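Below: work-v1.txt (compact mmCIF, C-alpha atoms)
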```txt
# COMPACT_ATOMS: atom_id res chain seq x y z
CA MET A 1114 0.00 0.00 0.00
CA ALA A 1115 2.78 2.37 1.01
CA ARG A 1116 4.67 1.42 -2.12
CA LYS A 1117 1.69 2.20 -4.29
CA LYS A 1118 1.25 5.55 -2.60
CA ARG A 1119 4.90 6.35 -3.11
CA ARG A 1120 4.64 5.52 -6.81
CA THR A 1121 1.60 7.73 -7.13
CA LEU A 1122 3.41 10.59 -5.45
CA LEU A 1123 6.33 10.12 -7.81
CA LYS A 1124 4.00 10.32 -10.80
CA LEU A 1125 2.37 13.43 -9.40
CA ASN A 1126 5.78 14.96 -8.95
CA ARG A 1127 6.66 14.34 -12.60
CA TRP A 1128 3.35 15.75 -13.75
CA SER A 1129 3.69 18.86 -11.65
CA THR A 1130 7.24 19.46 -12.93
CA LEU A 1131 6.02 19.17 -16.50
CA ILE A 1132 3.16 21.54 -15.82
CA ILE A 1133 5.46 24.10 -14.23
CA ILE A 1134 7.83 23.92 -17.23
CA ALA A 1135 4.90 24.36 -19.62
CA GLY A 1136 3.62 27.30 -17.59
CA VAL A 1137 6.97 29.05 -17.49
CA SER A 1138 7.42 28.46 -21.24
CA LEU A 1139 4.08 30.07 -21.93
CA VAL A 1140 4.87 33.09 -19.78
CA LEU A 1141 8.24 33.53 -21.47
CA TYR A 1142 7.02 32.92 -25.02
CA PRO A 1143 6.05 36.53 -25.82
CA LEU A 1144 9.44 37.70 -24.59
CA LEU A 1145 11.22 35.10 -26.71
CA THR A 1146 9.35 36.25 -29.81
CA ASP A 1147 10.58 39.78 -29.09
CA PHE A 1148 14.21 38.67 -28.82
CA TYR A 1149 13.88 36.61 -31.99
CA ALA A 1150 12.39 39.52 -33.92
CA TRP A 1151 15.01 42.00 -32.69
CA TYR A 1152 17.79 39.61 -33.62
CA GLU A 1153 16.39 39.07 -37.12
CA GLN A 1154 15.70 42.78 -37.57
CA ASP A 1155 19.33 43.60 -36.90
CA ASP A 1156 20.38 41.22 -39.66
CA LEU A 1157 17.78 42.59 -42.04
CA LYS A 1158 18.73 46.17 -41.32
CA GLU A 1159 22.35 45.38 -42.02
CA GLN A 1160 21.43 43.75 -45.32
CA ILE A 1161 19.34 46.74 -46.37
CA VAL A 1162 22.02 49.28 -45.42
CA ASN A 1163 24.70 47.26 -47.21
CA SER A 1164 22.61 46.88 -50.35
CA GLU A 1165 22.06 50.64 -50.42
CA ASP A 1166 25.79 51.24 -50.12
CA ILE A 1167 26.44 49.33 -53.33
CA ASN A 1168 25.75 51.74 -56.15
CA ILE A 1169 25.07 49.84 -59.33
CA PRO A 1170 25.18 52.09 -62.40
CA PRO A 1171 21.90 52.01 -64.30
CA ASP A 1172 21.88 49.76 -67.32
CA ASP A 1173 20.67 51.62 -70.39
CA THR A 1174 19.48 48.43 -71.99
CA ASP A 1175 17.24 47.55 -69.08
CA VAL A 1176 13.68 48.29 -70.03
CA SER A 1177 12.12 46.42 -67.14
CA SER A 1178 12.03 49.34 -64.76
CA GLY A 1179 8.26 49.20 -64.77
CA THR A 1180 8.38 45.93 -62.88
CA ALA A 1181 10.49 47.10 -59.95
CA VAL A 1182 10.81 44.63 -57.12
CA PHE A 1183 10.56 45.76 -53.53
CA ASP A 1184 13.57 44.26 -51.79
CA GLY A 1185 13.36 45.90 -48.40
CA ALA A 1186 13.29 49.38 -46.91
CA LEU A 1187 14.09 51.08 -43.66
CA LEU A 1188 11.25 52.72 -41.76
CA GLU A 1189 12.17 55.41 -39.26
CA ILE A 1190 9.81 57.35 -37.01
CA PRO A 1191 11.77 59.64 -34.70
CA ALA A 1192 8.68 60.63 -32.68
CA ILE A 1193 8.38 57.11 -31.27
CA ASP A 1194 12.05 56.24 -31.59
CA LEU A 1195 11.42 53.56 -34.19
CA SER A 1196 13.82 52.25 -36.80
CA VAL A 1197 12.88 48.92 -38.38
CA PRO A 1198 13.47 47.16 -41.67
CA VAL A 1199 10.46 46.55 -43.91
CA GLN A 1200 10.11 43.34 -45.86
CA GLU A 1201 7.97 42.48 -48.87
CA GLY A 1202 4.74 40.75 -47.89
CA THR A 1203 2.46 40.50 -44.92
CA SER A 1204 2.32 36.81 -44.15
CA LEU A 1205 2.40 35.79 -40.49
CA ASP A 1206 5.91 34.37 -40.86
CA LEU A 1207 7.26 37.62 -42.28
CA LEU A 1208 5.48 39.84 -39.79
CA ALA A 1209 6.92 37.73 -36.98
CA ILE A 1210 10.29 39.21 -37.95
CA SER A 1211 9.55 42.78 -38.96
CA PRO A 1212 6.90 44.96 -40.60
CA GLY A 1213 5.99 44.09 -44.18
CA ARG A 1214 4.74 45.96 -47.21
CA TYR A 1215 1.37 44.94 -48.60
CA THR A 1216 2.23 43.49 -51.99
CA GLU A 1217 -1.00 44.96 -53.33
CA SER A 1218 0.07 48.48 -52.43
CA ALA A 1219 2.26 50.89 -54.36
CA LEU A 1220 6.01 51.25 -54.14
CA PRO A 1221 7.29 54.21 -52.12
CA GLY A 1222 6.72 57.49 -53.91
CA GLU A 1223 4.41 55.97 -56.52
CA GLY A 1224 1.11 55.93 -54.68
CA ASN A 1225 -0.22 54.62 -51.41
CA THR A 1226 2.48 52.46 -49.83
CA ALA A 1227 0.97 50.34 -47.07
CA ILE A 1228 2.94 48.61 -44.33
CA ALA A 1229 1.70 46.26 -41.61
CA GLY A 1230 3.49 45.56 -38.35
CA HIS A 1231 2.91 43.98 -34.95
CA ARG A 1232 1.66 46.12 -32.11
CA ASN A 1233 2.65 43.63 -29.48
CA MET A 1234 4.88 40.55 -29.46
CA TYR A 1235 7.41 39.84 -32.22
CA GLY A 1236 9.44 42.89 -31.32
CA ASN A 1237 6.26 45.01 -31.15
CA PRO A 1238 7.56 47.54 -33.73
CA PHE A 1239 4.23 49.39 -33.95
CA LEU A 1240 3.51 49.42 -30.22
CA HIS A 1241 3.49 53.20 -30.00
CA LEU A 1242 1.96 53.90 -33.40
CA ALA A 1243 -1.24 55.27 -31.86
CA GLU A 1244 0.82 57.89 -30.01
CA LEU A 1245 1.81 59.64 -33.23
CA GLN A 1246 0.41 63.10 -33.82
CA PRO A 1247 -0.50 64.82 -37.09
CA GLY A 1248 2.63 66.57 -38.30
CA ASP A 1249 5.07 63.92 -37.03
CA LYS A 1250 7.64 62.89 -39.60
CA ILE A 1251 8.14 59.40 -41.00
CA PHE A 1252 11.14 58.47 -43.13
CA LEU A 1253 11.21 55.56 -45.50
CA SER A 1254 14.57 54.69 -47.07
CA TYR A 1255 14.12 52.67 -50.20
CA ASP A 1256 16.20 52.13 -53.31
CA ASP A 1257 18.81 54.79 -52.39
CA GLU A 1258 16.09 57.35 -51.75
CA VAL A 1259 14.75 58.71 -48.50
CA TYR A 1260 11.05 59.46 -48.67
CA GLU A 1261 9.83 61.92 -46.07
CA TYR A 1262 6.22 61.67 -44.99
CA GLU A 1263 4.15 63.74 -42.59
CA VAL A 1264 1.45 62.13 -40.49
CA GLU A 1265 -1.96 63.38 -41.59
CA GLU A 1266 -4.41 61.39 -39.55
CA LEU A 1267 -4.85 58.43 -37.26
CA TYR A 1268 -8.03 56.40 -37.29
CA THR A 1269 -9.39 52.93 -36.81
CA VAL A 1270 -11.14 50.70 -39.32
CA GLU A 1271 -12.81 47.32 -39.21
CA ASN A 1272 -10.45 44.40 -39.56
CA ASN A 1273 -11.63 43.62 -43.10
CA ASP A 1274 -11.51 47.13 -44.46
CA TRP A 1275 -8.96 46.80 -47.25
CA SER A 1276 -9.76 50.25 -48.59
CA VAL A 1277 -6.91 51.60 -46.46
CA ILE A 1278 -4.36 50.22 -48.90
CA GLU A 1279 -6.09 51.53 -51.99
CA PRO A 1280 -4.88 54.60 -53.86
CA CYS A 1281 -5.81 57.80 -52.07
CA GLY A 1282 -5.08 60.32 -54.82
CA TYR A 1283 -1.58 61.27 -53.70
CA ALA A 1284 1.67 59.61 -52.67
CA ALA A 1285 1.08 58.37 -49.16
CA LEU A 1286 2.29 55.96 -46.53
CA THR A 1287 -0.27 53.90 -44.64
CA LEU A 1288 0.76 52.00 -41.54
CA THR A 1289 -1.60 49.35 -40.18
CA THR A 1290 -1.46 47.47 -36.91
CA CYS A 1291 -3.75 45.89 -34.37
CA HIS A 1292 -5.72 47.97 -31.93
CA GLN A 1293 -5.89 47.65 -28.18
CA ASP A 1294 -9.64 47.20 -28.42
CA GLY A 1295 -9.20 43.77 -29.93
CA ARG A 1296 -8.96 41.88 -33.13
CA SER A 1297 -12.05 43.36 -34.76
CA VAL A 1298 -10.45 46.73 -35.49
CA ARG A 1299 -7.15 47.95 -36.89
CA GLN A 1300 -5.22 51.11 -36.11
CA ILE A 1301 -4.33 53.12 -39.20
CA VAL A 1302 -1.81 55.92 -39.62
CA ARG A 1303 -1.96 57.83 -42.90
CA ALA A 1304 0.96 60.05 -43.86
CA ARG A 1305 1.49 62.22 -46.95
CA LEU A 1306 4.72 62.31 -48.95
CA LEU A 1307 6.51 65.62 -48.58
CA THR A 1308 9.66 65.20 -50.60
CA ASP A 1309 11.96 62.59 -51.97
CA ASN A 1310 15.62 63.36 -51.99
CA MET B 1036 -4.95 9.78 -9.13
CA ARG B 1037 -5.59 8.68 -12.69
CA LYS B 1038 -8.63 10.91 -12.76
CA LEU B 1039 -6.49 13.80 -11.60
CA GLY B 1040 -4.05 13.07 -14.41
CA TYR B 1041 -6.84 13.23 -16.96
CA VAL B 1042 -8.04 16.53 -15.54
CA LEU B 1043 -4.53 17.99 -15.72
CA CYS B 1044 -4.15 16.78 -19.30
CA LEU B 1045 -7.43 18.41 -20.23
CA ILE B 1046 -6.36 21.66 -18.58
CA MET B 1047 -3.11 21.65 -20.54
CA ILE B 1048 -4.80 20.87 -23.83
CA PHE B 1049 -7.39 23.55 -23.19
CA SER B 1050 -4.71 26.10 -22.35
CA TYR B 1051 -2.76 25.40 -25.51
CA MET B 1052 -5.93 25.51 -27.56
CA MET B 1053 -6.68 28.94 -26.16
CA VAL B 1054 -3.21 30.08 -27.04
CA GLY B 1055 -3.55 28.54 -30.46
CA THR B 1056 -6.61 30.59 -31.20
CA VAL B 1057 -4.51 33.71 -30.86
CA TYR B 1058 -2.57 32.67 -33.92
CA ALA B 1059 -5.29 30.80 -35.72
CA ASP B 1060 -5.25 32.32 -39.14
CA THR B 1061 -6.99 30.10 -41.57
CA ALA B 1062 -5.95 30.38 -45.17
CA LYS B 1063 -8.18 32.91 -46.81
CA ASN B 1064 -9.75 32.25 -50.16
CA LEU B 1065 -9.32 34.96 -52.72
CA ILE B 1066 -11.98 33.49 -54.95
CA GLU B 1067 -14.93 31.55 -53.63
CA TRP B 1068 -17.77 29.56 -55.15
CA ASP B 1069 -21.18 31.05 -54.67
CA GLN B 1070 -22.81 28.74 -52.15
CA ASP B 1071 -26.26 30.22 -52.78
CA TYR B 1072 -26.20 29.77 -56.52
CA CYS B 1073 -24.93 26.39 -57.54
CA GLU B 1074 -27.24 24.07 -59.41
CA SER B 1075 -26.95 21.08 -61.66
CA ASN B 1076 -28.92 21.05 -64.89
CA ASP B 1077 -29.52 17.33 -64.38
CA ASP B 1078 -29.91 16.57 -60.72
CA PRO B 1079 -31.38 13.22 -59.67
CA ASP B 1080 -34.82 14.54 -58.84
CA ASP B 1081 -35.70 16.70 -61.77
CA ASN B 1082 -36.97 13.87 -64.00
CA LYS B 1083 -35.41 15.64 -66.92
CA LEU B 1084 -34.46 13.50 -69.86
CA ASP B 1085 -30.79 13.34 -70.67
CA SER B 1086 -29.40 14.60 -73.92
CA MET B 1087 -27.74 11.82 -75.88
CA ASP B 1088 -24.95 11.88 -78.37
CA PRO B 1089 -26.00 10.99 -81.88
CA GLY B 1090 -24.92 7.44 -82.61
CA ASN B 1091 -24.57 6.48 -78.99
CA PRO B 1092 -25.44 2.79 -78.72
CA ASN B 1093 -27.46 3.51 -75.61
CA SER B 1094 -29.49 6.05 -77.43
CA ASP B 1095 -33.00 5.16 -78.21
CA GLY B 1096 -34.41 8.60 -78.34
CA VAL B 1097 -33.90 10.02 -74.90
CA MET B 1098 -33.53 8.47 -71.44
CA ASP B 1099 -33.19 9.59 -67.86
CA ILE B 1100 -30.45 7.41 -66.52
CA GLY B 1101 -27.49 9.38 -65.30
CA SER B 1102 -27.41 12.31 -62.97
CA LEU B 1103 -24.99 15.01 -61.96
CA ASP B 1104 -25.47 15.83 -58.31
CA ILE B 1105 -23.81 18.53 -56.20
CA VAL B 1106 -22.65 16.79 -53.05
CA GLU B 1107 -21.25 19.78 -51.25
CA VAL B 1108 -20.43 23.40 -51.95
CA THR B 1109 -18.02 25.17 -49.66
CA ALA B 1110 -16.35 28.51 -50.20
CA GLY B 1111 -13.33 26.89 -51.79
CA THR B 1112 -14.56 23.60 -53.24
CA ILE B 1113 -17.45 22.11 -55.16
CA THR B 1114 -17.83 18.36 -54.77
CA CYS B 1115 -19.89 16.60 -57.43
CA ALA B 1116 -21.13 13.09 -58.06
CA ILE B 1117 -21.96 11.64 -61.43
CA ASP B 1118 -24.17 8.62 -60.95
CA ASN B 1119 -25.00 5.79 -63.34
CA ALA B 1120 -23.89 7.74 -66.34
CA TYR B 1121 -23.15 6.31 -69.73
CA PRO B 1122 -20.56 7.30 -72.35
CA GLY B 1123 -21.47 10.57 -73.91
CA TYR B 1124 -23.45 11.75 -70.92
CA GLN B 1125 -22.91 15.44 -70.42
CA ALA B 1126 -24.29 17.71 -67.75
CA ASN B 1127 -23.51 21.14 -66.36
CA ILE B 1128 -23.36 22.91 -63.05
CA ASN B 1129 -24.29 26.55 -63.19
CA THR B 1130 -22.66 28.57 -60.50
CA ARG B 1131 -20.73 31.74 -59.83
CA ILE B 1132 -17.25 32.65 -58.64
CA ILE B 1133 -16.75 35.64 -56.39
CA ASN B 1134 -13.68 37.74 -55.75
CA VAL B 1135 -13.96 38.16 -51.98
CA THR B 1136 -11.08 40.57 -51.68
CA LYS B 1137 -10.78 44.29 -52.15
CA ASN B 1138 -8.19 43.83 -54.87
CA PRO B 1139 -8.09 42.43 -58.36
CA VAL B 1140 -7.50 38.69 -58.31
CA LYS B 1141 -6.13 36.54 -61.09
CA ILE B 1142 -7.22 32.92 -61.45
CA THR B 1143 -4.10 30.79 -61.67
CA SER B 1144 -5.61 27.37 -62.14
CA VAL B 1145 -8.74 25.28 -61.93
CA ARG B 1146 -7.84 22.10 -60.08
CA VAL B 1147 -9.98 18.97 -60.30
CA GLU B 1148 -9.34 16.60 -57.40
CA ASP B 1149 -10.06 12.85 -57.28
CA LYS B 1150 -11.32 12.88 -60.83
CA PRO B 1151 -11.40 9.51 -62.54
CA ASP B 1152 -9.94 9.33 -66.04
CA CYS B 1153 -13.33 8.57 -67.54
CA ILE B 1154 -14.70 12.01 -66.67
CA LEU B 1155 -13.82 15.27 -68.35
CA VAL B 1156 -14.38 18.53 -66.54
CA SER B 1157 -14.20 22.01 -67.99
CA LEU B 1158 -14.92 25.37 -66.40
CA ARG B 1159 -16.26 27.95 -68.84
CA ASP B 1160 -17.75 31.38 -68.76
CA THR B 1161 -21.25 32.04 -70.00
CA ASP B 1162 -19.92 32.68 -73.50
CA GLY B 1163 -18.48 29.19 -73.59
CA ASP B 1164 -14.84 30.29 -73.30
CA GLU B 1165 -12.74 28.06 -71.11
CA LEU B 1166 -11.28 29.75 -68.06
CA VAL B 1167 -7.58 29.31 -68.45
CA GLY B 1168 -5.18 29.98 -65.59
CA ASP B 1169 -3.41 33.34 -65.58
CA GLU B 1170 -5.76 34.77 -68.16
CA LEU B 1171 -8.75 35.81 -66.16
CA THR B 1172 -8.73 38.67 -63.70
CA LEU B 1173 -11.69 39.48 -61.51
CA SER B 1174 -11.84 43.04 -60.31
CA LYS B 1175 -12.43 43.75 -56.65
CA ASP B 1176 -15.79 42.77 -55.18
CA SER B 1177 -16.88 41.33 -58.50
CA SER B 1178 -18.38 38.00 -59.39
CA MET B 1179 -18.73 36.02 -62.58
CA ASP B 1180 -21.20 33.38 -63.69
CA VAL B 1181 -19.53 30.18 -64.80
CA VAL B 1182 -20.56 26.79 -66.11
CA LEU B 1183 -18.89 23.57 -65.01
CA ILE B 1184 -19.23 21.13 -67.85
CA THR B 1185 -18.80 17.44 -67.15
CA ARG B 1186 -18.66 14.67 -69.69
CA VAL B 1187 -18.48 10.91 -69.34
CA LEU B 1188 -16.12 8.99 -71.60
CA GLN B 1189 -16.25 5.49 -73.00
CA SER B 1190 -14.18 3.98 -70.22
CA ALA B 1191 -16.83 4.70 -67.59
CA GLN B 1192 -18.30 1.72 -65.76
CA GLN B 1193 -22.00 0.99 -65.62
CA ALA B 1194 -23.99 1.70 -62.46
CA THR B 1195 -21.12 3.51 -60.84
CA THR B 1196 -20.94 6.77 -58.94
CA TYR B 1197 -17.95 9.00 -59.61
CA ASN B 1198 -17.09 11.73 -57.13
CA PHE B 1199 -14.69 14.59 -57.73
CA SER B 1200 -14.05 18.11 -56.48
CA ILE B 1201 -13.19 21.35 -58.22
CA VAL B 1202 -11.01 23.97 -56.61
CA ILE B 1203 -10.12 27.37 -58.01
CA GLU B 1204 -6.70 28.72 -57.18
CA ALA B 1205 -6.00 32.43 -57.46
CA ARG B 1206 -3.56 35.09 -56.43
CA GLN B 1207 -3.57 38.84 -56.08
CA ASP B 1208 -3.16 40.41 -59.47
CA GLU B 1209 0.15 42.19 -59.02
CA SER B 1210 -0.01 43.76 -62.44
CA HIS B 1211 -2.74 45.98 -61.04
CA SER B 1212 -0.95 46.87 -57.83
CA SER B 1213 1.65 49.33 -59.00
CA GLY B 1214 -0.90 52.07 -58.86
CA GLY B 1215 -1.86 51.04 -55.39
CA GLY B 1216 -4.27 48.22 -55.95
CA GLY B 1217 -6.81 49.93 -58.09
CA GLY B 1218 -9.65 47.99 -59.59
CA SER B 1219 -9.78 46.55 -63.04
CA SER B 1220 -12.45 45.08 -65.16
CA SER B 1221 -12.68 41.40 -65.84
CA SER B 1222 -10.45 40.37 -68.67
CA ARG B 1223 -10.92 37.24 -70.67
CA ARG B 1224 -8.86 35.66 -73.32
CA SER B 1225 -9.62 36.80 -76.79
CA SER B 1226 -11.89 34.69 -78.89
CA ASP B 1227 -9.37 34.31 -81.69
CA GLU B 1228 -7.03 32.35 -79.45
CA GLU B 1229 -6.93 28.62 -79.79
CA GLU B 1230 -9.86 26.99 -78.04
CA LEU B 1231 -9.31 24.09 -75.69
CA VAL B 1232 -12.04 21.66 -76.67
CA ILE B 1233 -13.11 18.59 -74.75
CA GLU B 1234 -12.96 15.80 -77.25
CA PRO B 1235 -15.05 12.74 -76.56
CA GLU B 1236 -13.67 9.28 -77.18
CA ASP B 1237 -14.57 7.37 -80.34
CA ASN B 1238 -18.04 8.74 -80.89
CA PRO B 1239 -18.15 12.06 -82.60
CA THR B 1240 -20.53 13.70 -80.27
CA THR B 1241 -21.88 16.93 -78.97
CA ASP B 1242 -19.72 19.91 -79.69
CA PRO B 1243 -19.13 21.70 -76.40
CA GLU B 1244 -19.59 24.93 -78.29
CA GLU B 1245 -23.22 24.00 -78.72
CA ILE B 1246 -23.81 24.19 -75.03
CA THR B 1247 -25.83 27.25 -74.34
CA PRO B 1248 -25.20 28.37 -70.81
CA PRO B 1249 -28.07 30.04 -69.02
CA GLU B 1250 -28.39 33.77 -68.90
CA PRO B 1251 -26.62 35.21 -65.86
CA GLU B 1252 -28.92 36.32 -63.13
CA GLY B 1253 -28.39 39.67 -61.52
CA ILE B 1254 -28.05 38.74 -57.89
CA SER B 1255 -26.05 40.88 -55.54
CA LEU B 1256 -24.51 39.00 -52.65
CA PRO B 1257 -23.15 39.99 -49.30
CA ILE B 1258 -19.41 39.53 -49.57
CA LYS B 1259 -17.33 38.57 -46.58
CA LEU B 1260 -13.82 39.92 -46.85
CA PRO B 1261 -10.73 38.42 -45.27
CA GLU B 1262 -9.08 40.21 -42.40
CA LEU B 1263 -6.17 42.57 -42.70
CA PRO B 1264 -3.01 40.89 -41.38
CA ILE B 1265 -3.20 39.95 -37.72
CA THR B 1266 -0.60 42.08 -36.02
CA GLY B 1267 -1.27 41.59 -32.36
CA GLY B 1268 -0.67 38.63 -30.13
CA ASN B 1269 -2.62 38.25 -26.92
CA ILE B 1270 0.13 38.51 -24.34
CA MET B 1271 -2.31 38.28 -21.45
CA MET B 1272 -3.52 34.95 -22.78
CA PHE B 1273 0.00 33.59 -22.68
CA ILE B 1274 0.75 34.99 -19.26
CA GLY B 1275 -2.62 33.90 -17.87
CA SER B 1276 -2.38 30.38 -19.23
CA GLY B 1277 1.24 30.07 -18.15
CA ALA B 1278 0.55 31.36 -14.67
CA ALA B 1279 -2.43 29.03 -14.31
CA LEU B 1280 -0.38 26.02 -15.35
CA GLY B 1281 2.59 27.03 -13.23
CA GLY B 1282 0.32 27.60 -10.25
CA LEU B 1283 -1.27 24.19 -10.67
CA GLY B 1284 2.15 22.58 -10.85
CA ILE B 1285 3.34 24.33 -7.69
CA MET B 1286 0.12 23.42 -5.93
CA PHE B 1287 0.61 19.73 -6.66
CA LYS B 1288 4.23 19.89 -5.65
CA ARG B 1289 3.23 21.34 -2.28
CA ARG B 1290 0.47 18.77 -1.89
CA ARG B 1291 3.04 16.05 -2.29
CA LYS B 1292 5.06 17.45 0.57
```

This structure in structure tokens:
Amino acid sequence: MARKKRRTLLKLNRWSTLIIIAGVSLVLYPLLTDFYAWYEQDDLKEQIVNSEDINIPPDDTDVSSGTAVFDGALLEIPAIDLSVPVQEGTSLDLLAISPGRYTESALPGEGNTAIAGHRNMYGNPFLHLAELQPGDKIFLSYDDEVYEYEVEELYTVENNDWSVIEPCGYAALTLTTCHQDGRSVRQIVRARLLTDN
Amino acid sequence: MRKLGYVLCLIMIFSYMMVGTVYADTAKNLIEWDQDYCESNDDPDDNKLDSMDPGNPNSDGVMDIGSLDIVEVTAGTITCAIDNAYPGYQANINTRIINVTKNPVKITSVRVEDKPDCILVSLRDTDGDELVGDELTLSKDSSMDVVLITRVLQSAQQATTYNFSIVIEARQDESHSSGGGGGSSSSRRSSDEEELVIEPEDNPTTDPEEITPPEPEGISLPIKLPELPITGGNIMMFIGSGAALGGLGIMFKRRRK
């Protein structure tokens, strides 16, 4: 009887250890995603900066300029002390690393460029997006150009409102992220292009 | 004690399921079948006589033997059953495809799954033009009436039911995105291009061009759009679940002492 009880206690001990490990893993998981994202972002940023340093002379015979490929950009918002690389695409895997450009949107300077990023977890790059004020500056470095935008308005839309990435009649930058009110709405920041130099 | 183990297992599974829902992001369809408008022109109950190929040995005027039944219509797939059909049997499904996104979408392929070799399947527009991958673009929020044409070949067995599914694959039409994702009208391949014709075996039979699809009906449908990318994890869910599990574990450890 005592032996049986001892075995049961041993089993309980193993179970409780497993449960504690699972619990601690869950608590630490959001933090780990942050570290992973920051680590990957550093690499990406380095790649983008290096690629911009290499000046390839334009090829006169290249007539494919109309099909430019977005190969990364650097998004900087001094007002919220943000500097993150931007990738092409908005799949969950990509957004787990850094913000991504909606492939359906325009390239910087050509229309409405839309970028999505995480508000919390995965490095939470857009955590303070809602704190921006109209007039704040946003810089987007892409293809050896720095595009300067000025925040026009902040608003929320329903989570299936894709109109935010549609053309708005001028060159703009639209940042989208989740909202603190839950998954049913998205926070939008719309900025207008000032100059490109 | 065993009961306690089960309870703990259930708590763990439940906790992970809750966490999983935070990231649950089911693949979104860009193009969906219209689940409200999908009908066979020869379902089993309509008592309609089948059209027969001229010269078909089974033909003695007209008969009502085979049937084309719609087994299931989901947003992404139509599952059909052809029952007791004979060579030369041909029937259609009239339905509609809907672009459920806010952007132009290009159809990349029409995939037929689990189709036996003795059945031919062709997806055509109401003009009879085959929908060929990479050649049809649906503008945002638009829909298009289509006809799924099925045909039974000589190798079909008697008194057999053949099931198969049709899936449309599509992608965002990037050629329309440089201006920021503006809309575009539906484009179809030009009529002077080479037609892809379903050729029946042995018997020279009905020309698919003779099929007269029904007139499209003007029905406007509520369209459910996919979500913008999910860009927020529920940290409190992780911390709550983790703390609950950790607390349980500590509680049992103490109980042991």

Test item: residues at most 9 Å from region 1266-1272 of chain A, only C-alpha atoms, excluding those fewer than 5 positions along its chain, as a list in words: Ala1243, Leu1245, Gln1246, Pro1247, Gly1248, Val1277, Cys1291, His1292, Arg1296, Ser1297, Val1298, Arg1299, Gln1300, Ile1301, Val1302, Arg1303 and Ala1304 of chain A; Pro1261, Glu1262, Leu1263, Pro1264 and Ile1265 of chain B

Atom-to-atom span, CA of Ile1133 (chain A) and CA of Gly1284 (chain B), Å: 5.0 Å

Within 8 Å of chain B, which residues of chain A are there when counting all atoms listed in the file? Please give them as a CSV table (one decimal) with C-alpha atoms, in the coordinates of the input.
```csv
chain,number,residue,atom,x,y,z
A,1121,THR,CA,1.6,7.7,-7.1
A,1122,LEU,CA,3.4,10.6,-5.4
A,1125,LEU,CA,2.4,13.4,-9.4
A,1126,ASN,CA,5.8,15.0,-9.0
A,1128,TRP,CA,3.4,15.8,-13.8
A,1129,SER,CA,3.7,18.9,-11.6
A,1130,THR,CA,7.2,19.5,-12.9
A,1131,LEU,CA,6.0,19.2,-16.5
A,1132,ILE,CA,3.2,21.5,-15.8
A,1133,ILE,CA,5.5,24.1,-14.2
A,1134,ILE,CA,7.8,23.9,-17.2
A,1135,ALA,CA,4.9,24.4,-19.6
A,1136,GLY,CA,3.6,27.3,-17.6
A,1137,VAL,CA,7.0,29.0,-17.5
A,1138,SER,CA,7.4,28.5,-21.2
A,1139,LEU,CA,4.1,30.1,-21.9
A,1140,VAL,CA,4.9,33.1,-19.8
A,1141,LEU,CA,8.2,33.5,-21.5
A,1142,TYR,CA,7.0,32.9,-25.0
A,1143,PRO,CA,6.0,36.5,-25.8
A,1203,THR,CA,2.5,40.5,-44.9
A,1204,SER,CA,2.3,36.8,-44.2
A,1205,LEU,CA,2.4,35.8,-40.5
A,1208,LEU,CA,5.5,39.8,-39.8
A,1216,THR,CA,2.2,43.5,-52.0
A,1217,GLU,CA,-1.0,45.0,-53.3
A,1218,SER,CA,0.1,48.5,-52.4
A,1219,ALA,CA,2.3,50.9,-54.4
A,1220,LEU,CA,6.0,51.2,-54.1
A,1223,GLU,CA,4.4,56.0,-56.5
A,1224,GLY,CA,1.1,55.9,-54.7
A,1225,ASN,CA,-0.2,54.6,-51.4
A,1226,THR,CA,2.5,52.5,-49.8
A,1229,ALA,CA,1.7,46.3,-41.6
A,1230,GLY,CA,3.5,45.6,-38.4
A,1231,HIS,CA,2.9,44.0,-35.0
A,1232,ARG,CA,1.7,46.1,-32.1
A,1233,ASN,CA,2.6,43.6,-29.5
A,1234,MET,CA,4.9,40.6,-29.5
A,1272,ASN,CA,-10.4,44.4,-39.6
A,1273,ASN,CA,-11.6,43.6,-43.1
A,1274,ASP,CA,-11.5,47.1,-44.5
A,1275,TRP,CA,-9.0,46.8,-47.2
A,1276,SER,CA,-9.8,50.2,-48.6
A,1278,ILE,CA,-4.4,50.2,-48.9
A,1279,GLU,CA,-6.1,51.5,-52.0
A,1280,PRO,CA,-4.9,54.6,-53.9
A,1290,THR,CA,-1.5,47.5,-36.9
A,1291,CYS,CA,-3.8,45.9,-34.4
A,1292,HIS,CA,-5.7,48.0,-31.9
A,1296,ARG,CA,-9.0,41.9,-33.1
A,1299,ARG,CA,-7.2,48.0,-36.9
```

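CA of Leu1188 (chain B) lies 26.0 Å from CA of Arg1131 (chain B).
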
- prompt: Distance CA of Ser1190 (chain B)-CA of Arg1159 (chain B), one decimal place?
  reply: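 Straight-line distance from CA of Ser1190 (chain B) to CA of Arg1159 (chain B) works out to 24.1 Å.
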
How big is the axis-aligned box around the listed atoms of region 1233-1245 of chain A once 3 Å is added on each side, and where is its centre? Give both in Å to one decimal, as JSON.
```
{"center_x": 4.1, "center_y": 49.7, "center_z": -31.7, "size_x": 16.7, "size_y": 25.8, "size_z": 10.5}
```

query: Looking at B:Leu1045, B:Leu1171, B:Ile1154, B:Ile1128, which one is nearest to Glu1204 (chain B), with distances taken over all atoms listed in the file?
result: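 Using all atoms listed in the file, Glu1204 (chain B) sits closest to B:Leu1171.
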
- prompt: Which neighbours of Tyr1255 (chain A) fall inside 9 Å, counting only C-alpha atoms, when residues of the same chain fewer than 3 positions from it are skipped, and could you give them as a list in words?
  reply: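 Counting only the stated atoms, we get Ile1161, Glu1165, Phe1183, Asp1184, Gly1185, Ala1186, Leu1187, Leu1188, Pro1221, Glu1258, Val1259 and Tyr1260 of chain A.
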